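The structure appears right after this line, and notes come after that.
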Number of protein chains: 2
Amino acid sequence: MKKISPNTINRVLLYLRVLEDLIKDKRYLVSSGDISRFTGVSDVQIRKDISSFGKVGTPRIGYRTIELKKVLKDFILQCDVVRIVLFGVGNLGKAILKYPGFNKDRIKVVAAFDRLGSRINKKINSVIVYPVERAPEVIKRLRADIGIIAVPKKSAQGVADIMVLSGLRGIVNFSPCPINVPKSVMVKDIDLTIEFLSLCCSIKA
Amino acid sequence: MKKISPNTINRVLLYLRVLEDLIKDKRYLVSSGDISRFTGVSDVQIRKDISSFGKVGTPRIGYRTIELKKVLKDFILQCDVVRIVLFGVGNLGKAILKYPGFNKDRIKVVAAFDRLGSRINKKINSVIVYPVERAPEVIKRLRADIGIIAVPKKSAQGVADIMVLSGLRGIVNFSPCPINVPKSVMVKDIDLTIEFLSLCCSIKA
DNA sequence: TACTGTGAAACGGTTCACAGCC
DNA sequence: GGCTGTGAACCGTTTCACAGTA
């Protein structure tokens, strides 16, 4: 069992998505070239990624979709469902609660938290909004894995602290500032401003 | 003039943000160690990044914030304001239109587009929603640089085609499928589902 | 022929170690 | 001492070239 890099994980998740679509369309064979066309990843890269999990394809034929899906899933995703909690039910938070792409991938927002009294105890898309104080208790009870920070900048670190205390092991941080957490907690920053500015710079080049 | 990688661009944008805060606080000197603490980037990396733009710091003292800001800005961001257009005014689109972080960084959403009659000709946060058909004309008139795809998966490629035709050179794609565009157009995919699943996998490791 | 699998080479980015400077 | 700047070493990832196979 070797360590597999975040980059590879992302790519494999793309392959899995393609495989699921193919299987739904009753296609049972696929080549690395096909997957390349669907994902934009080069075919060599795809073969390298897959071969690191064992020999699963057959030369001249390709990969059997169902088998490949099973192999990739076993290595990548032992968890059946991802339970996430949301901090901050503003515009962005609400959009996440209503995001339609999660269901089919077994991602489930199990609770939301906010400080504003007017938002608390409401249900949004059948997710209950709790006061922040109840976070540790609720998170432990619902056994959430990952938390989303969708609060204003100045509250971000405080929320992150609560998340760590509550036992979350992964954080997606939408706030435009880096947060400080123990190394054991994985953080993924998604900073919209930086993304736009960065893209803008790349264009000029 | 050397090429500078997207990674570096992202880091430099972080430095710039820190510098602006420091200058606002009337701090005129800063060391790479300081910036490291604020951004999480290692101090050596920071010095490497900065030194690729010339010798701007002074040993024993550090960098002068105002000067450094100017140097970085000149290399990174010649554009004064980024004009973006939004395709798809659903939950996510609305959240983007209301995102508060853009103003201070001179990112401006100049127009939005949708197919739904009920959304068209409304103003959201003082941005007008046009019918998709008018996109090429409006985009050219407003001289937008970058477009956002916030439409359902099945419409994503069609919207991307319109964007390319309209002359946009950068696309931020929130839809969960890769889009096909000429190499001259820069694409940044932000796939929420993949992000969550990926984080989940990293946790298990 | 058309595909997978893989060792080797090439590349790019990060870290290290230290020179230079005040 | 404390800081910047930089060539060299290091590491991981991607690409190349090709062996192997039905």
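Labels for the structure tokens follow display order: chains A, B, ..., residues from 1 in each chain, ligands from 1.
Residues of chain A having any atom within 7 Å of chain C, counting only C-alpha atoms (C1' of nucleotides), are Ser51, Gly57, Thr58, Pro59, Arg60, Ile61 and Gly62 of chain A.
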Practice prompt. Using only C-alpha atoms, determine which residues of chain A fall within 7 Å of chain B; present them as a ChimeraX atom specification.
Written response: /A:6,9-10,13,39,76-77,91-92,95,101-102,169-170,178,186,193-194,198-199,201-203
Counting only C-alpha atoms (C1' of nucleotides), which residues from chain B have an atom at most 12 Å from any atom of chain D, and could you show them as a CSV table (one decimal) with C-alpha atoms, in the first residue's frame?
chain,number,residue,atom,x,y,z
B,30,VAL,CA,8.4,43.3,6.5
B,31,SER,CA,10.6,40.2,6.4
B,32,SER,CA,10.1,37.0,4.5
B,33,GLY,CA,9.5,35.4,7.9
B,34,ASP,CA,6.7,37.7,8.6
B,43,ASP,CA,10.1,31.9,4.0
B,44,VAL,CA,12.6,30.5,1.5
B,45,GLN,CA,9.9,30.1,-1.1
B,46,ILE,CA,8.9,33.7,-0.6
B,47,ARG,CA,12.4,35.0,-1.1
B,48,LYS,CA,12.8,32.8,-4.2
B,49,ASP,CA,9.5,34.2,-5.6
B,50,ILE,CA,10.4,37.8,-4.9
B,51,SER,CA,14.0,37.5,-6.0
B,52,SER,CA,12.8,36.4,-9.4
B,53,PHE,CA,11.5,39.9,-9.9
B,54,GLY,CA,14.8,41.5,-9.0
B,55,LYS,CA,16.7,42.6,-5.9
B,56,VAL,CA,14.2,44.5,-3.9
B,57,GLY,CA,14.9,43.7,-0.2
B,58,THR,CA,17.8,44.8,2.0
B,59,PRO,CA,19.7,42.3,4.2
B,60,ARG,CA,19.2,42.7,7.9
B,61,ILE,CA,16.2,45.0,7.3
B,62,GLY,CA,13.7,43.1,5.1
B,63,TYR,CA,11.4,44.5,2.4
Practice prompt. Determine which residues of stretch 13-202 of chain A receive a DSSP assignment of strand (DSSP E), computed from the backbone, and state them as an NGL selection string.
Written response: :A and (29-30 or 63-64 or 82-87 or 107-114 or 123-124 or 127-131 or 146-149 or 170-173 or 186-189)
Item to complete: Could you please determine the separation between atom CA of B:Val129 and atom CA of B:Asn173 in Å, to one decimal place?
Response: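 Rounded to one decimal, the two atoms are 18.9 Å apart.
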Fill in: helix (DSSP H, G or I) call set, DSSP backbone run, stretch 34-164 of chain B, as number ranges by chain
B: 34-39, 43-51, 65-76, 91-97, 103-105, 117-119, 132-142, 153-164
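Atom CA of A:Val159 is positioned 7.4 Å from atom CA of A:Phe87.
You will find atom CA of B:Phe174 at 9.1 Å from atom CA of B:Ala156.
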